[in-house]
>>> print(open('target.cif').read())   # mmCIF, C-alpha atoms
data_final
#
loop_
_atom_site.group_PDB
_atom_site.id
_atom_site.type_symbol
_atom_site.label_atom_id
_atom_site.label_comp_id
_atom_site.auth_asym_id
_atom_site.auth_seq_id
_atom_site.Cartn_x
_atom_site.Cartn_y
_atom_site.Cartn_z
ATOM 1 C CA MET A 1 25.615 -69.902 191.959
ATOM 2 C CA GLY A 2 24.083 -66.432 191.754
ATOM 3 C CA ASN A 3 21.923 -65.580 194.749
ATOM 4 C CA ALA A 4 21.884 -68.608 197.067
ATOM 5 C CA ASN A 5 18.315 -67.737 198.130
ATOM 6 C CA ILE A 6 16.981 -68.062 194.589
ATOM 7 C CA ALA A 7 16.504 -71.166 192.417
ATOM 8 C CA TYR A 8 17.749 -70.978 188.824
ATOM 9 C CA ILE A 9 15.957 -73.227 186.320
ATOM 10 C CA ASP A 10 17.891 -74.148 183.163
ATOM 11 C CA TYR A 11 17.791 -76.700 180.335
ATOM 12 C CA ILE A 12 20.450 -78.472 178.274
ATOM 13 C CA GLU A 13 21.722 -77.194 174.947
ATOM 14 C CA SER A 14 21.636 -80.583 173.265
ATOM 15 C CA TYR A 15 21.207 -84.290 173.994
ATOM 16 C CA LEU A 16 24.975 -84.478 173.446
ATOM 17 C CA ASP A 17 25.370 -82.816 176.861
ATOM 18 C CA ILE A 18 23.941 -85.879 178.596
ATOM 19 C CA LEU A 19 27.113 -87.959 178.469
ATOM 20 C CA ASN A 20 30.681 -87.252 177.407
ATOM 21 C CA SER A 21 32.064 -87.925 173.940
ATOM 22 C CA ASN A 22 33.302 -91.392 174.933
ATOM 23 C CA PHE A 23 29.772 -92.617 174.288
ATOM 24 C CA PRO A 24 28.399 -92.837 170.723
ATOM 25 C CA LYS A 25 25.776 -90.292 169.698
ATOM 26 C CA TRP A 26 23.066 -92.910 169.189
ATOM 27 C CA PHE A 27 23.501 -94.107 172.760
ATOM 28 C CA ARG A 28 23.446 -90.549 174.139
ATOM 29 C CA LYS A 29 20.251 -89.921 172.204
ATOM 30 C CA ILE A 30 18.596 -92.973 173.751
ATOM 31 C CA VAL A 31 19.670 -91.936 177.267
ATOM 32 C CA TYR A 32 18.334 -88.443 176.607
ATOM 33 C CA LYS A 33 14.943 -89.834 175.502
ATOM 34 C CA ILE A 34 14.702 -91.926 178.662
ATOM 35 C CA LEU A 35 15.670 -89.087 181.001
ATOM 36 C CA ASN A 36 13.369 -86.688 179.192
ATOM 37 C CA TYR A 37 10.429 -89.101 179.348
ATOM 38 C CA PHE A 38 10.772 -89.508 183.113
ATOM 39 C CA GLY A 39 11.299 -85.759 183.678
ATOM 40 C CA TYR A 40 14.793 -86.092 185.113
ATOM 41 C CA ILE A 41 16.247 -82.921 186.668
ATOM 42 C CA ARG A 42 19.920 -82.478 187.550
ATOM 43 C CA VAL A 43 20.325 -80.452 190.740
ATOM 44 C CA SER A 44 23.402 -78.675 192.059
ATOM 45 C CA ASN A 45 22.615 -76.519 195.100
ATOM 46 C CA ASN A 46 20.215 -73.883 193.727
ATOM 47 C CA TYR A 47 20.799 -74.721 190.050
ATOM 48 C CA TYR A 48 18.237 -77.008 188.375
ATOM 49 C CA VAL A 49 18.767 -78.373 184.870
ATOM 50 C CA LEU A 50 15.873 -79.987 183.026
ATOM 51 C CA MET A 51 16.825 -82.793 180.664
ATOM 52 C CA CYS A 52 15.205 -81.139 177.680
ATOM 53 C CA GLU A 53 16.780 -79.456 174.686
ATOM 54 C CA ASP A 54 16.418 -75.691 174.306
ATOM 55 C CA GLY A 55 13.526 -75.593 176.757
ATOM 56 C CA LYS A 56 11.384 -77.892 174.573
ATOM 57 C CA ASP A 57 9.922 -81.342 175.252
ATOM 58 C CA ILE A 58 8.794 -80.399 178.766
ATOM 59 C CA ASN A 59 6.176 -82.864 179.926
ATOM 60 C CA GLU A 60 3.966 -83.038 182.995
ATOM 61 C CA ARG A 61 6.546 -85.125 184.851
ATOM 62 C CA PHE A 62 9.084 -82.292 184.558
ATOM 63 C CA ILE A 63 6.719 -79.731 185.997
ATOM 64 C CA LYS A 64 5.570 -81.875 188.926
ATOM 65 C CA ARG A 65 9.113 -82.995 189.761
ATOM 66 C CA LEU A 66 10.456 -79.453 189.516
ATOM 67 C CA ILE A 67 7.795 -78.050 191.845
ATOM 68 C CA ARG A 68 8.420 -80.848 194.326
ATOM 69 C CA LYS A 69 12.199 -80.353 194.315
ATOM 70 C CA ILE A 70 12.039 -76.566 194.696
ATOM 71 C CA LYS A 71 9.525 -76.830 197.521
ATOM 72 C CA TYR A 72 11.701 -79.427 199.255
ATOM 73 C CA SER A 73 14.615 -76.943 199.189
ATOM 74 C CA ASN A 74 12.346 -74.148 200.507
ATOM 75 C CA PHE A 75 12.965 -71.718 197.662
ATOM 76 C CA LYS A 76 10.319 -69.016 197.270
ATOM 77 C CA ASN A 77 11.870 -67.087 194.363
ATOM 78 C CA ILE A 78 12.973 -68.524 191.043
ATOM 79 C CA VAL A 79 14.603 -67.394 187.802
ATOM 80 C CA LEU A 80 13.913 -69.192 184.531
ATOM 81 C CA ALA A 81 16.087 -69.578 181.461
ATOM 82 C CA GLU A 82 14.759 -67.383 178.653
ATOM 83 C CA GLU A 83 12.935 -70.060 176.621
ATOM 84 C CA LEU A 84 10.975 -71.183 179.675
ATOM 85 C CA TYR A 85 9.376 -67.726 180.042
ATOM 86 C CA LYS A 86 7.676 -68.341 176.676
ATOM 87 C CA SER A 87 5.536 -71.188 178.045
ATOM 88 C CA GLU A 88 2.331 -69.826 179.566
ATOM 89 C CA GLU A 89 1.573 -73.257 180.997
ATOM 90 C CA ILE A 90 4.874 -73.457 182.874
ATOM 91 C CA LEU A 91 4.536 -69.885 184.144
ATOM 92 C CA ALA A 92 0.980 -70.439 185.337
ATOM 93 C CA ARG A 93 1.884 -73.629 187.191
ATOM 94 C CA LEU A 94 4.976 -72.209 188.857
ATOM 95 C CA ARG A 95 3.303 -68.941 189.865
ATOM 96 C CA LYS A 96 0.902 -70.850 192.081
ATOM 97 C CA ASP A 97 3.762 -71.682 194.441
ATOM 98 C CA PHE A 98 6.673 -69.361 193.652
ATOM 99 C CA ASN A 99 7.594 -65.790 192.840
ATOM 100 C CA ILE A 100 9.117 -65.725 189.354
ATOM 101 C CA LEU A 101 11.597 -62.908 188.813
ATOM 102 C CA ASP A 102 11.065 -61.273 185.420
ATOM 103 C CA GLY A 103 12.800 -57.887 185.630
ATOM 104 C CA LYS A 104 9.807 -55.892 186.890
ATOM 105 C CA TRP A 105 11.187 -55.559 190.415
ATOM 106 C CA LEU A 106 14.410 -53.993 189.107
ATOM 107 C CA TYR A 107 12.446 -51.878 186.602
ATOM 108 C CA LYS A 108 11.074 -49.716 189.427
ATOM 109 C CA PHE A 109 14.605 -48.813 190.517
ATOM 110 C CA LEU A 110 15.573 -47.729 186.984
ATOM 111 C CA ILE A 111 12.849 -45.167 186.269
ATOM 112 C CA LEU A 112 15.065 -42.112 186.719
ATOM 113 C CA GLU A 113 17.880 -43.722 184.705
ATOM 114 C CA ILE A 114 15.460 -44.519 181.890
ATOM 115 C CA ILE A 115 14.150 -40.940 181.763
ATOM 116 C CA GLN A 116 17.716 -39.622 181.855
ATOM 117 C CA LYS A 117 18.563 -41.890 178.924
ATOM 118 C CA ILE A 118 15.556 -40.558 177.001
ATOM 119 C CA SER A 119 16.714 -36.995 177.675
ATOM 120 C CA VAL A 120 20.186 -37.795 176.317
ATOM 121 C CA VAL A 121 18.742 -39.377 173.174
ATOM 122 C CA GLN A 122 16.415 -36.402 172.638
ATOM 123 C CA ASN A 123 19.197 -33.924 173.483
ATOM 124 C CA LYS A 124 17.030 -32.271 176.139
ATOM 125 C CA LYS A 125 17.493 -31.477 179.791
ATOM 126 C CA ILE A 126 15.511 -33.564 182.243
ATOM 127 C CA ASP A 127 14.025 -30.398 183.769
ATOM 128 C CA GLU A 128 12.191 -29.759 180.490
ATOM 129 C CA TYR A 129 9.910 -32.772 180.938
ATOM 130 C CA GLU A 130 6.437 -33.064 182.366
ATOM 131 C CA VAL A 131 6.070 -36.563 183.771
ATOM 132 C CA THR A 132 2.952 -38.383 184.944
ATOM 133 C CA VAL A 133 3.144 -41.453 187.176
ATOM 134 C CA LEU A 134 0.227 -43.896 186.968
ATOM 135 C CA CYS A 135 -0.115 -45.774 190.239
ATOM 136 C CA ASP A 136 -2.911 -47.194 192.376
ATOM 137 C CA ASN A 137 -0.885 -49.307 194.825
ATOM 138 C CA PRO A 138 2.194 -47.293 195.802
ATOM 139 C CA THR A 139 5.162 -48.776 197.628
ATOM 140 C CA GLU A 140 8.034 -47.004 199.326
ATOM 141 C CA ILE A 141 10.102 -47.338 196.137
ATOM 142 C CA VAL A 142 7.350 -45.574 194.177
ATOM 143 C CA PHE A 143 7.339 -42.731 196.719
ATOM 144 C CA GLU A 144 11.127 -42.430 196.474
ATOM 145 C CA ASN A 145 10.910 -42.299 192.680
ATOM 146 C CA ILE A 146 8.294 -39.559 192.822
ATOM 147 C CA LYS A 147 10.520 -37.525 195.146
ATOM 148 C CA GLU A 148 13.500 -37.888 192.811
ATOM 149 C CA LEU A 149 11.481 -37.014 189.723
ATOM 150 C CA SER A 150 9.889 -34.001 191.460
ATOM 151 C CA LYS A 151 13.335 -32.589 192.223
ATOM 152 C CA ARG A 152 14.523 -32.991 188.631
ATOM 153 C CA CYS A 153 11.579 -32.628 186.236
ATOM 154 C CA LYS A 154 9.591 -29.538 185.318
ATOM 155 C CA ILE A 155 6.240 -30.957 186.438
ATOM 156 C CA VAL A 156 5.339 -34.273 188.051
ATOM 157 C CA ASN A 157 1.771 -35.553 188.225
ATOM 158 C CA VAL A 158 0.390 -38.642 189.897
ATOM 159 C CA LEU A 159 -2.694 -40.209 188.387
ATOM 160 C CA THR A 160 -4.438 -42.659 190.687
ATOM 161 C CA ILE A 161 -7.925 -44.152 190.588
ATOM 162 C CA ASN A 162 -8.575 -45.168 194.169
ATOM 163 C CA SER A 163 -5.588 -44.074 196.252
ATOM 164 C CA VAL A 164 -5.425 -40.286 196.523
ATOM 165 C CA ASP A 165 -5.099 -40.525 200.306
ATOM 166 C CA LYS A 166 -1.988 -42.706 200.012
ATOM 167 C CA PHE A 167 -0.158 -39.874 198.253
ATOM 168 C CA ASN A 168 -1.168 -37.048 200.597
ATOM 169 C CA ASN A 169 1.873 -37.398 202.857
ATOM 170 C CA ILE A 170 4.392 -37.260 200.024
ATOM 171 C CA GLU A 171 2.580 -34.261 198.523
ATOM 172 C CA LYS A 172 2.842 -32.456 201.870
ATOM 173 C CA GLU A 173 6.475 -33.477 202.407
ATOM 174 C CA LEU A 174 7.626 -32.269 199.000
ATOM 175 C CA TYR A 175 5.977 -28.892 199.494
ATOM 176 C CA GLU A 176 7.081 -28.303 203.083
ATOM 177 C CA LYS A 177 10.670 -29.537 202.718
ATOM 178 C CA ASN A 178 11.465 -28.620 199.137
ATOM 179 C CA GLY A 179 8.808 -26.116 198.050
ATOM 180 C CA LEU A 180 7.796 -28.499 195.254
ATOM 181 C CA LEU A 181 4.262 -28.963 193.977
ATOM 182 C CA LEU A 182 3.031 -32.470 193.232
ATOM 183 C CA ASN A 183 -0.208 -32.720 191.296
ATOM 184 C CA ILE A 184 -2.265 -35.699 192.470
ATOM 185 C CA SER A 185 -5.356 -36.385 190.413
ATOM 186 C CA THR A 186 -8.025 -38.944 189.564
ATOM 187 C CA ASN A 187 -8.897 -37.162 186.321
ATOM 188 C CA THR A 188 -8.070 -39.741 183.649
ATOM 189 C CA GLU A 189 -9.272 -37.433 180.874
ATOM 190 C CA LYS A 190 -6.958 -34.493 181.512
ATOM 191 C CA VAL A 191 -3.911 -35.216 183.674
ATOM 192 C CA CYS A 192 -1.868 -36.952 180.947
ATOM 193 C CA LEU A 193 -2.719 -34.576 178.115
ATOM 194 C CA PHE A 194 0.358 -32.386 178.578
ATOM 195 C CA SER A 195 2.805 -35.056 179.707
ATOM 196 C CA ASP A 196 5.925 -35.811 177.723
ATOM 197 C CA ILE A 197 6.550 -39.088 179.565
ATOM 198 C CA ILE A 198 4.074 -41.381 181.307
ATOM 199 C CA VAL A 199 5.409 -43.923 183.804
ATOM 200 C CA ASN A 200 2.906 -46.724 184.319
ATOM 201 C CA ILE A 201 3.597 -48.479 187.614
ATOM 202 C CA ASP A 202 0.553 -50.713 187.952
ATOM 203 C CA PHE A 203 -2.350 -49.687 185.693
ATOM 204 C CA ASP A 204 -3.696 -52.631 183.696
ATOM 205 C CA LYS A 205 -4.921 -52.284 180.113
ATOM 206 C CA ASN A 206 -8.495 -51.513 181.161
ATOM 207 C CA MET A 207 -7.297 -48.654 183.365
ATOM 208 C CA LEU A 208 -4.981 -47.381 180.619
ATOM 209 C CA ASN A 209 -7.866 -47.358 178.169
ATOM 210 C CA ARG A 210 -9.692 -44.916 180.445
ATOM 211 C CA CYS A 211 -6.822 -42.405 180.132
ATOM 212 C CA CYS A 212 -6.431 -39.708 177.503
ATOM 213 C CA PHE A 213 -2.836 -39.332 176.332
ATOM 214 C CA ARG A 214 -1.101 -36.676 174.318
ATOM 215 C CA ASP A 215 -0.030 -37.794 170.862
ATOM 216 C CA ASN A 216 3.681 -38.605 170.588
ATOM 217 C CA SER A 217 4.324 -38.891 174.301
ATOM 218 C CA ILE A 218 6.434 -41.776 175.614
ATOM 219 C CA LEU A 219 4.924 -44.537 177.735
ATOM 220 C CA ILE A 220 7.218 -46.422 180.133
ATOM 221 C CA GLN A 221 5.465 -49.702 180.911
ATOM 222 C CA VAL A 222 6.885 -50.893 184.234
ATOM 223 C CA THR A 223 4.250 -53.643 183.999
ATOM 224 C CA LYS A 224 6.040 -54.896 180.832
ATOM 225 C CA GLU A 225 2.649 -55.181 179.100
ATOM 226 C CA LYS A 226 2.305 -54.105 175.502
ATOM 227 C CA PHE A 227 -0.165 -51.272 175.013
ATOM 228 C CA GLU A 228 -0.738 -49.557 171.686
ATOM 229 C CA ARG A 229 -1.880 -45.995 171.269
ATOM 230 C CA ASN A 230 -0.541 -43.039 169.306
ATOM 231 C CA PHE A 231 2.650 -42.827 171.407
ATOM 232 C CA MET A 232 6.040 -41.832 170.138
ATOM 233 C CA ALA A 233 7.257 -45.057 171.775
ATOM 234 C CA VAL A 234 6.172 -47.629 174.345
ATOM 235 C CA ILE A 235 9.075 -48.882 176.447
ATOM 236 C CA THR A 236 8.249 -52.373 177.701
ATOM 237 C CA PHE A 237 11.712 -53.328 178.989
ATOM 238 C CA TYR A 238 15.304 -52.178 179.281
ATOM 239 C CA ASN A 239 18.737 -53.459 178.300
ATOM 240 C CA LEU A 240 21.664 -52.712 180.588
ATOM 241 C CA SER A 241 25.429 -52.662 180.381
ATOM 242 C CA PHE A 242 27.436 -53.893 183.359
ATOM 243 C CA ALA A 243 30.934 -53.926 184.765
ATOM 244 C CA LYS A 244 33.191 -56.608 183.264
ATOM 245 C CA THR A 245 33.228 -58.424 186.600
ATOM 246 C CA TYR A 246 29.863 -59.956 185.643
ATOM 247 C CA THR A 247 31.046 -61.336 182.286
ATOM 248 C CA THR A 248 32.066 -64.753 183.620
ATOM 249 C CA PHE A 249 28.782 -65.246 185.483
ATOM 250 C CA PHE A 250 26.662 -64.141 182.513
ATOM 251 C CA ASN A 251 28.593 -66.364 180.098
ATOM 252 C CA LYS A 252 28.176 -69.364 182.392
ATOM 253 C CA MET A 253 24.429 -68.696 182.580
ATOM 254 C CA ASN A 254 24.118 -68.109 178.854
ATOM 255 C CA HIS A 255 20.495 -69.285 178.579
ATOM 256 C CA PHE A 256 19.345 -66.542 180.946
ATOM 257 C CA ASP A 257 18.456 -62.883 180.413
ATOM 258 C CA GLU A 258 21.296 -60.768 181.841
ATOM 259 C CA GLU A 259 18.972 -58.142 183.283
ATOM 260 C CA ILE A 260 16.968 -60.756 185.186
ATOM 261 C CA LEU A 261 20.165 -62.432 186.393
ATOM 262 C CA TYR A 262 21.344 -59.079 187.717
ATOM 263 C CA GLU A 263 17.963 -58.516 189.354
ATOM 264 C CA SER A 264 18.299 -61.869 191.102
ATOM 265 C CA LEU A 265 21.676 -60.891 192.567
ATOM 266 C CA LEU A 266 20.184 -57.769 194.174
ATOM 267 C CA TYR A 267 16.807 -59.210 195.166
ATOM 268 C CA TYR A 268 16.741 -58.084 198.786
ATOM 269 C CA SER A 269 14.861 -55.435 200.725
ATOM 270 C CA ILE A 270 16.635 -52.251 199.651
ATOM 271 C CA SER A 271 15.980 -48.529 199.245
ATOM 272 C CA LEU A 272 16.252 -46.596 195.998
ATOM 273 C CA GLU A 273 19.339 -44.846 197.359
ATOM 274 C CA GLY A 274 20.880 -48.183 198.301
ATOM 275 C CA MET A 275 20.201 -49.603 194.852
ATOM 276 C CA ARG A 276 21.824 -46.573 193.217
ATOM 277 C CA LYS A 277 25.011 -47.371 195.138
ATOM 278 C CA PHE A 278 25.008 -50.818 193.545
ATOM 279 C CA PHE A 279 24.412 -49.247 190.124
ATOM 280 C CA ASP A 280 27.446 -47.008 190.663
ATOM 281 C CA ARG A 281 29.560 -49.911 191.949
ATOM 282 C CA ASP A 282 28.612 -52.112 189.001
ATOM 283 C CA ASN A 283 28.786 -49.322 186.412
ATOM 284 C CA VAL A 284 25.192 -50.082 185.383
ATOM 285 C CA LYS A 285 23.926 -48.026 182.444
ATOM 286 C CA VAL A 286 20.732 -48.143 180.408
ATOM 287 C CA LYS A 287 21.959 -49.343 177.028
ATOM 288 C CA SER A 288 18.746 -49.575 175.010
ATOM 289 C CA PHE A 289 14.989 -50.150 175.223
ATOM 290 C CA GLU A 290 12.596 -52.875 174.161
ATOM 291 C CA GLY A 291 9.265 -51.819 172.702
ATOM 292 C CA LEU A 292 6.151 -53.181 171.050
ATOM 293 C CA HIS A 293 8.073 -54.693 168.146
ATOM 294 C CA GLY A 294 11.477 -55.462 169.611
ATOM 295 C CA LYS A 295 14.406 -53.150 170.201
ATOM 296 C CA ILE A 296 13.512 -49.457 169.888
ATOM 297 C CA ASN A 297 15.488 -47.478 167.341
ATOM 298 C CA TYR A 298 16.649 -44.231 168.945
ATOM 299 C CA LYS A 299 15.399 -42.356 165.890
ATOM 300 C CA GLU A 300 11.883 -43.113 167.142
ATOM 301 C CA LEU A 301 12.611 -41.105 170.299
ATOM 302 C CA LYS A 302 14.062 -38.015 168.632
ATOM 303 C CA THR A 303 11.697 -35.088 168.338
ATOM 304 C CA GLY A 304 13.721 -33.259 165.684
#
>>> encode(input="target.cif", output="structure tokens")
Amino acid sequence: MGNANIAYIDYIESYLDILNSNFPKWFRKIVYKILNYFGYIRVSNNYYVLMCEDGKDINERFIKRLIRKIKYSNFKNIVLAEELYKSEEILARLRKDFNILDGKWLYKFLILEIIQKISVVQNKKIDEYEVTVLCDNPTEIVFENIKELSKRCKIVNVLTINSVDKFNNIEKELYEKNGLLLNISTNTEKVCLFSDIIVNIDFDKNMLNRCCFRDNSILIQVTKEKFERNFMAVITFYNLSFAKTYTTFFNKMNHFDEEILYESLLYYSISLEGMRKFFDRDNVKVKSFEGLHGKINYKELKTG
């Protein structure tokens, strides 16, 4: 099911799922209570189902048994059903031993698509935007994003606190190969003041608080953290549309976030160009955005 290298952790809809309808409800309820008390987990390959309703009633036995079973099967990466992401205790315990997919890995591949979606909503061309990327620990995917943005946007800045030297090669490459200027700066007070869109790759809230932002700019929080300032909008997550070929899989895994399920299917070492080929194959489009208070109304993004 899904990516065979990833463990999927689910829960039951109701105690009525424990046994079939040949058994009376009172008996099924008793069996559920027993299984729940002992932290019973049904396992099928890489699919783990906790005997708890709607992600509730998870006791210490569940957590210990789950960790033991996943370790025994040598899984390093896991995906949780949506309700389980709401438990800080479960997340903290599982993060000690496993990498929990939460959509942030895929987020970094969608930066250009998100900015393109903003441009469509605002009825502007992407080459009208000044974009600043906030990053202190760049990866190859970050470099590839900067290259793509530099070729399409009016101005691209990189704000970094401790890693100017890590961006020197890409600055040189863009100028020598494409004649493009990339502004790399450590000046938190000035570099964002003229930016229409800020893409935060890895700045935490303390680092963000050191920055001066232009009023009514848009902050794309690749970290998924909520951060309030006088922005036009803060995009904390994305909603995607997919090819119909994924409908059956998504419906079967109905307790899971579709975007994280899709991330799990593509969770391999891959370039930005390679990922874009999958986006084209799967007809992936940015459908909408999540913000500080739920789904962002497109009216919030229109500049009039």
>>> residues_around(input="target.cif", residues="stretch 6-19 of chain A", least_positions_apart="5", cutoff="7 Å", atoms="only C-alpha atoms", output="list in words")
Lys25, Arg28, Lys29, Tyr32, Asn46, Tyr47, Tyr48, Val49, Leu50, Met51, Cys52, Glu53, Asp54, Gly55, Phe75, Asn77, Ile78, Val79, Leu80 and Ala81 of chain A
>>> resolve_selection(input="target.cif", expression="the PyMOL selection byres ((chain A and resi 255) around 8)", output="number ranges by chain")
A: 10, 81-83, 253-254, 256-257
>>> atom_distance(input="target.cif", atom1="atom CA of A:Phe289", atom2="atom CA of A:Val131")
18.4 Å
>>> resolve_selection(input="target.cif", expression="the PyMOL selection byres ((chain A and resi 279-282) around 9)", output="PDB file with C-alpha atoms, in the coordinates of the input")
ATOM      1  CA  PHE A 242      27.436 -53.893 183.359  1.00  0.00           C
ATOM      2  CA  ALA A 243      30.934 -53.926 184.765  1.00  0.00           C
ATOM      3  CA  LYS A 244      33.191 -56.608 183.264  1.00  0.00           C
ATOM      4  CA  THR A 245      33.228 -58.424 186.600  1.00  0.00           C
ATOM      5  CA  TYR A 246      29.863 -59.956 185.643  1.00  0.00           C
ATOM      6  CA  GLY A 274      20.880 -48.183 198.301  1.00  0.00           C
ATOM      7  CA  MET A 275      20.201 -49.603 194.852  1.00  0.00           C
ATOM      8  CA  ARG A 276      21.824 -46.573 193.217  1.00  0.00           C
ATOM      9  CA  LYS A 277      25.011 -47.371 195.138  1.00  0.00           C
ATOM     10  CA  PHE A 278      25.008 -50.818 193.545  1.00  0.00           C
ATOM     11  CA  ASN A 283      28.786 -49.322 186.412  1.00  0.00           C
ATOM     12  CA  VAL A 284      25.192 -50.082 185.383  1.00  0.00           C
ATOM     13  CA  LYS A 285      23.926 -48.026 182.444  1.00  0.00           C
TER      14      LYS A 285
END
>>> resolve_selection(input="target.cif", expression="the PyMOL selection byres ((chain A and resi 128) around 10)", output="CSV table (one decimal) with C-alpha atoms, keeping the file's coordinate frame")
chain,number,residue,atom,x,y,z
A,119,SER,CA,16.7,-37.0,177.7
A,124,LYS,CA,17.0,-32.3,176.1
A,125,LYS,CA,17.5,-31.5,179.8
A,126,ILE,CA,15.5,-33.6,182.2
A,127,ASP,CA,14.0,-30.4,183.8
A,129,TYR,CA,9.9,-32.8,180.9
A,130,GLU,CA,6.4,-33.1,182.4
A,131,VAL,CA,6.1,-36.6,183.8
A,152,ARG,CA,14.5,-33.0,188.6
A,153,CYS,CA,11.6,-32.6,186.2
A,154,LYS,CA,9.6,-29.5,185.3
A,155,ILE,CA,6.2,-31.0,186.4
A,196,ASP,CA,5.9,-35.8,177.7
>>> closest_residue(input="target.cif", among="A:Asn157, A:Thr223, A:Asn5, A:Asn74", to="A:Phe237", atoms="only C-alpha atoms")
A:Thr223
>>> closest_residue(input="target.cif", among="A:Lys117, A:Lys76, A:Lys224, A:Lys299", to="A:Val286", atoms="all atoms listed in the file")
A:Lys117
>>> residues_around(input="target.cif", residues="stretch 209-216 of chain A", least_positions_apart="4", cutoff="6 Å", atoms="all atoms listed in the file", output="list in words")
Thr188, Glu189, Cys192, Leu193, Asn230, Phe231 and Met232 of chain A
>>> write_last_selection(input="target.cif", atoms="C-alpha atoms", output="mmCIF file, in the coordinates of the input")
data_model
loop_
_atom_site.group_PDB
_atom_site.id
_atom_site.type_symbol
_atom_site.label_atom_id
_atom_site.label_comp_id
_atom_site.auth_asym_id
_atom_site.auth_seq_id
_atom_site.Cartn_x
_atom_site.Cartn_y
_atom_site.Cartn_z
ATOM 1 C CA THR A 188 -8.070 -39.741 183.649
ATOM 2 C CA GLU A 189 -9.272 -37.433 180.874
ATOM 3 C CA CYS A 192 -1.868 -36.952 180.947
ATOM 4 C CA LEU A 193 -2.719 -34.576 178.115
ATOM 5 C CA ASN A 230 -0.541 -43.039 169.306
ATOM 6 C CA PHE A 231 2.650 -42.827 171.407
ATOM 7 C CA MET A 232 6.040 -41.832 170.138
#
>>> closest_residue(input="target.cif", among="A:Val31, A:Ile67, A:Ile197, A:Ile41", to="A:Ile90", atoms="only C-alpha atoms")
A:Ile67
>>> atom_distance(input="target.cif", atom1="atom CA of A:Phe203", atom2="atom CA of A:Arg95")
20.5 Å
>>> residues_around(input="target.cif", residues="A:Ser271", least_positions_apart="2", cutoff="12 Å", atoms="only C-alpha atoms", output="PyMOL selection string")
chain A and resi 106+108-109+139-145+266-269+273-278
>>> atom_distance(input="target.cif", atom1="atom CA of A:Glu148", atom2="atom CA of A:Lys226")
26.2 Å
>>> closest_residue(input="target.cif", among="A:Thr132, A:Lys252, A:Ile170, A:Leu261", to="A:Asn200", atoms="all atoms listed in the file")
A:Thr132
>>> closest_residue(input="target.cif", among="A:Leu35, A:Ile63, A:Leu110, A:Met207", to="A:Arg93", atoms="all atoms listed in the file")
A:Ile63
>>> residues_near_point(input="target.cif", point="(-4.8, -41.0, 194.2)", cutoff="12 Å", atoms="all atoms listed in the file", output="short mmCIF file (atom, residue, chain, number, x, y, z; two decimals) with C-alpha atoms, keeping the file's coordinate frame")
data_model
loop_
_atom_site.label_atom_id
_atom_site.label_comp_id
_atom_site.auth_asym_id
_atom_site.auth_seq_id
_atom_site.Cartn_x
_atom_site.Cartn_y
_atom_site.Cartn_z
CA VAL A 133 3.14 -41.45 187.18
CA LEU A 134 0.23 -43.90 186.97
CA CYS A 135 -0.12 -45.77 190.24
CA ASP A 136 -2.91 -47.19 192.38
CA ASN A 137 -0.88 -49.31 194.82
CA PRO A 138 2.19 -47.29 195.80
CA ASN A 157 1.77 -35.55 188.22
CA VAL A 158 0.39 -38.64 189.90
CA LEU A 159 -2.69 -40.21 188.39
CA THR A 160 -4.44 -42.66 190.69
CA ILE A 161 -7.92 -44.15 190.59
CA ASN A 162 -8.57 -45.17 194.17
CA SER A 163 -5.59 -44.07 196.25
CA VAL A 164 -5.42 -40.29 196.52
CA ASP A 165 -5.10 -40.52 200.31
CA LYS A 166 -1.99 -42.71 200.01
CA PHE A 167 -0.16 -39.87 198.25
CA ASN A 168 -1.17 -37.05 200.60
CA ASN A 169 1.87 -37.40 202.86
CA ILE A 170 4.39 -37.26 200.02
CA GLU A 171 2.58 -34.26 198.52
CA LEU A 182 3.03 -32.47 193.23
CA ASN A 183 -0.21 -32.72 191.30
CA ILE A 184 -2.26 -35.70 192.47
CA SER A 185 -5.36 -36.38 190.41
CA THR A 186 -8.02 -38.94 189.56
CA ASN A 187 -8.90 -37.16 186.32
CA THR A 188 -8.07 -39.74 183.65
#
>>> axis_aligned_box(input="target.cif", around="stretch 50-65 of chain A", padding_each_side="3 Å", output="lines of an AutoDock Vina configuration file")
center_x = 10.4
center_y = -80.4
center_z = 182.0
size_x = 18.9
size_y = 15.5
size_z = 21.5
>>> closest_residue(input="target.cif", among="A:Pro24, A:Gly294, A:Gly39, A:Gly103", to="A:Leu265", atoms="all atoms listed in the file")
A:Gly103
>>> decode(input="target.cif", residues="stretch 164-169 of chain A", atoms="N, CA and C atoms", output="short mmCIF file (atom, residue, chain, number, x, y, z; two decimals), in the first residue's frame")
data_model
loop_
_atom_site.label_atom_id
_atom_site.label_comp_id
_atom_site.auth_asym_id
_atom_site.auth_seq_id
_atom_site.Cartn_x
_atom_site.Cartn_y
_atom_site.Cartn_z
N VAL A 164 26.42 33.07 4.01
CA VAL A 164 26.67 33.80 2.76
C VAL A 164 27.57 32.98 1.84
N ASP A 165 28.60 32.37 2.40
CA ASP A 165 29.56 31.62 1.57
C ASP A 165 28.92 30.45 0.84
N LYS A 166 27.86 29.89 1.40
CA LYS A 166 27.19 28.74 0.76
C LYS A 166 26.45 29.14 -0.51
N PHE A 167 26.17 30.44 -0.65
CA PHE A 167 25.43 30.91 -1.82
C PHE A 167 26.34 31.55 -2.87
N ASN A 168 27.62 31.65 -2.60
CA ASN A 168 28.52 32.33 -3.53
C ASN A 168 28.58 31.65 -4.89
N ASN A 169 28.60 30.32 -4.91
CA ASN A 169 28.71 29.61 -6.18
C ASN A 169 27.49 29.81 -7.06
#
